[in-house]
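Q: Here it is: the structure, laid out below.
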Amino acid sequence: MKIFLDTANVAEIREVADWGILDGVTTNPSLVSKEGRSFDDILHEIVRIVSGPVSAEVVAEAADEMVEQGVRLAALAPNIVVKIPMTIEGLKALRRLSEKEIATNCTLVFNATQGLLAAKAGASFVSPFLGRLDDIGHNGMDLIGQLVTIFDNYALDTEVLAASIRSPLHVVDAALHGADACTMPFKVLQSIVRHPLTDLGNAAFTRDWQKLTPAQRAAAVVQA
Ligand code: E4P
């Protein structure tokens, strides 16, 4: 499963890129507005750090304007993926952008039929929003499994991008259900790396190693 960071914060992206496990980035207008900077400047910086897909969302409601914005965003870098909301106008825009061979990510997907329509319109990714479904008492994770099965049944190339991830458990479930990618906030990714038993184990190893004399340590290190 590909790991994407769901943020418009360049420092977070730079940090995770350094971990060597970052496959891509997703942004949305809310995340961009938190940064208080120009969207274009942010995108230019992100694509210099990340070579994988970087989702950039349009902020129009009519298909013509979505396509216009999408074409402009896609021209910023070859790895930009134009994010389009799941509406009728969005479907039209997905089709037109896919005919121009521009990669797209259909966002705000809350049921399997929305995802199927987006895939039929040529979306490269669909983003089911798990956390927001859980928030209203639905099981968001079922949707991932349904989309994976449907795309598989019809050999659709569209990738399932699990989004609105709120906890490490969401990430595990997304992987178990076969999501192609999972986008998560920096905090969730950090909490995945850490485990109290790993920290305890590491501290014990360091303590034990320090009990050795310098000569014993030198003798214990395998010589190249
Ligand atoms: C996905 O692309 C969205 O940016 C994101 O996952 C939304 O998450 P939220 O529901 O936590 O805002």
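Going by the structure tokens order, chains are called A, B, ..., each with residues numbered from 1, while ligands are numbered from 1 in the order shown.
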Among region 1-91 of chain A, which residues carry a DSSP assignment of alpha helix (DSSP H), reported as a VMD selection string?
A: chain A and resid 10 to 19 29 to 35 39 to 49 63 to 74 88 to 91
Q: 7 Å from ligand 1 is the threshold here; counting only C-alpha atoms and all ligand atoms, which polymer residues fall inside it? Answer as a list of chain:residue names.
A: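 Written in the requested form, the residues are A:Asp6, A:Thr26, A:Thr27, A:Asn28, A:Thr107, A:Ser127, A:Phe129, A:Gly131, A:Arg132, A:Ala163, A:Ser164, A:Ile165, A:Arg166, A:Thr183, A:Met184.
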Q: What is the distance, in Å and to one decimal place, between CA of Leu116 (chain A) and CA of Val160 (chain A)?
A: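 So the answer is 10.7 Å.
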Q: Contacts of region 85-93 of chain A at 7 Å or less, counting only C-alpha atoms, minus same-chain residues fewer than 4 places along, as a list in words?
A: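 So the residues in contact are Glu61, Ala62, Ala63, Met66, Val67, Leu97, Cys106, Thr107, Leu108, Val109, Ala118 and Ala121 of chain A.
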Q: Excluding Val32 (chain A) and any residue of its chain fewer than 3 positions from it, enumerate the residues within 10 Å of it, using only C-alpha atoms, and give them as a PDB file with N, CA and C atoms, in the first residue's frame.
A:
ATOM      1  N   THR A   7      -1.474  16.667   3.895  1.00  0.00           N
ATOM      2  CA  THR A   7      -1.052  17.944   4.490  1.00  0.00           C
ATOM      3  C   THR A   7      -0.631  18.916   3.401  1.00  0.00           C
ATOM      4  N   ALA A   8      -0.652  20.205   3.760  1.00  0.00           N
ATOM      5  CA  ALA A   8      -0.078  21.215   2.857  1.00  0.00           C
ATOM      6  C   ALA A   8       1.120  21.857   3.556  1.00  0.00           C
ATOM      7  N   ASN A   9       1.557  21.221   4.649  1.00  0.00           N
ATOM      8  CA  ASN A   9       2.676  21.772   5.416  1.00  0.00           C
ATOM      9  C   ASN A   9       3.997  21.204   4.890  1.00  0.00           C
ATOM     10  N   THR A  27      -3.506  17.238  -0.768  1.00  0.00           N
ATOM     11  CA  THR A  27      -3.851  18.504  -0.113  1.00  0.00           C
ATOM     12  C   THR A  27      -5.339  18.732  -0.360  1.00  0.00           C
ATOM     13  N   ASN A  28      -5.901  19.665   0.370  1.00  0.00           N
ATOM     14  CA  ASN A  28      -7.269  20.106   0.064  1.00  0.00           C
ATOM     15  C   ASN A  28      -7.354  21.583   0.454  1.00  0.00           C
ATOM     16  N   PRO A  29      -8.406  22.279   0.035  1.00  0.00           N
ATOM     17  CA  PRO A  29      -8.471  23.718   0.302  1.00  0.00           C
ATOM     18  C   PRO A  29      -8.396  24.055   1.795  1.00  0.00           C
ATOM     19  N   GLU A  35      -2.224  27.083   6.058  1.00  0.00           N
ATOM     20  CA  GLU A  35      -0.815  27.468   5.913  1.00  0.00           C
ATOM     21  C   GLU A  35      -0.637  28.966   5.722  1.00  0.00           C
ATOM     22  N   GLY A  36      -1.701  29.664   5.283  1.00  0.00           N
ATOM     23  CA  GLY A  36      -1.617  31.114   5.081  1.00  0.00           C
ATOM     24  C   GLY A  36      -0.601  31.522   4.032  1.00  0.00           C
ATOM     25  N   ARG A  37      -0.431  30.696   2.998  1.00  0.00           N
ATOM     26  CA  ARG A  37       0.533  31.010   1.932  1.00  0.00           C
ATOM     27  C   ARG A  37      -0.121  30.755   0.581  1.00  0.00           C
ATOM     28  N   SER A  38       0.523  31.198  -0.486  1.00  0.00           N
ATOM     29  CA  SER A  38      -0.056  30.978  -1.821  1.00  0.00           C
ATOM     30  C   SER A  38      -0.015  29.487  -2.165  1.00  0.00           C
ATOM     31  N   PHE A  39      -1.110  29.003  -2.732  1.00  0.00           N
ATOM     32  CA  PHE A  39      -1.243  27.586  -3.102  1.00  0.00           C
ATOM     33  C   PHE A  39      -0.142  27.193  -4.092  1.00  0.00           C
ATOM     34  N   ILE A  42       3.180  26.758  -2.411  1.00  0.00           N
ATOM     35  CA  ILE A  42       3.204  25.502  -1.653  1.00  0.00           C
ATOM     36  C   ILE A  42       3.407  24.323  -2.608  1.00  0.00           C
ATOM     37  N   LEU A  43       2.639  24.318  -3.693  1.00  0.00           N
ATOM     38  CA  LEU A  43       2.744  23.183  -4.636  1.00  0.00           C
ATOM     39  C   LEU A  43       4.137  23.104  -5.255  1.00  0.00           C
ATOM     40  N   ALA A  56      -3.820  18.134  -5.932  1.00  0.00           N
ATOM     41  CA  ALA A  56      -4.126  19.558  -5.765  1.00  0.00           C
ATOM     42  C   ALA A  56      -5.576  19.759  -6.197  1.00  0.00           C
ATOM     43  N   GLU A  57      -6.372  20.339  -5.296  1.00  0.00           N
ATOM     44  CA  GLU A  57      -7.821  20.376  -5.534  1.00  0.00           C
ATOM     45  C   GLU A  57      -8.281  21.655  -6.229  1.00  0.00           C
TER      46      GLU A  57
END
Q: Give me, as a PyMOL selection string, all polymer residues having an atom no more than 8 Å from Val148 (chain A), counting only C-alpha atoms and skipping those fewer than 2 positions away in the same chain.
A: chain A and resi 144-146+150-152+160+177-179
Q: For CA of Asp208 (chain A) and CA of His195 (chain A), quote the distance in Å rounded to one decimal.
A: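 Spanning CA of Asp208 (chain A) to CA of His195 (chain A) is a straight-line distance of 20.2 Å.
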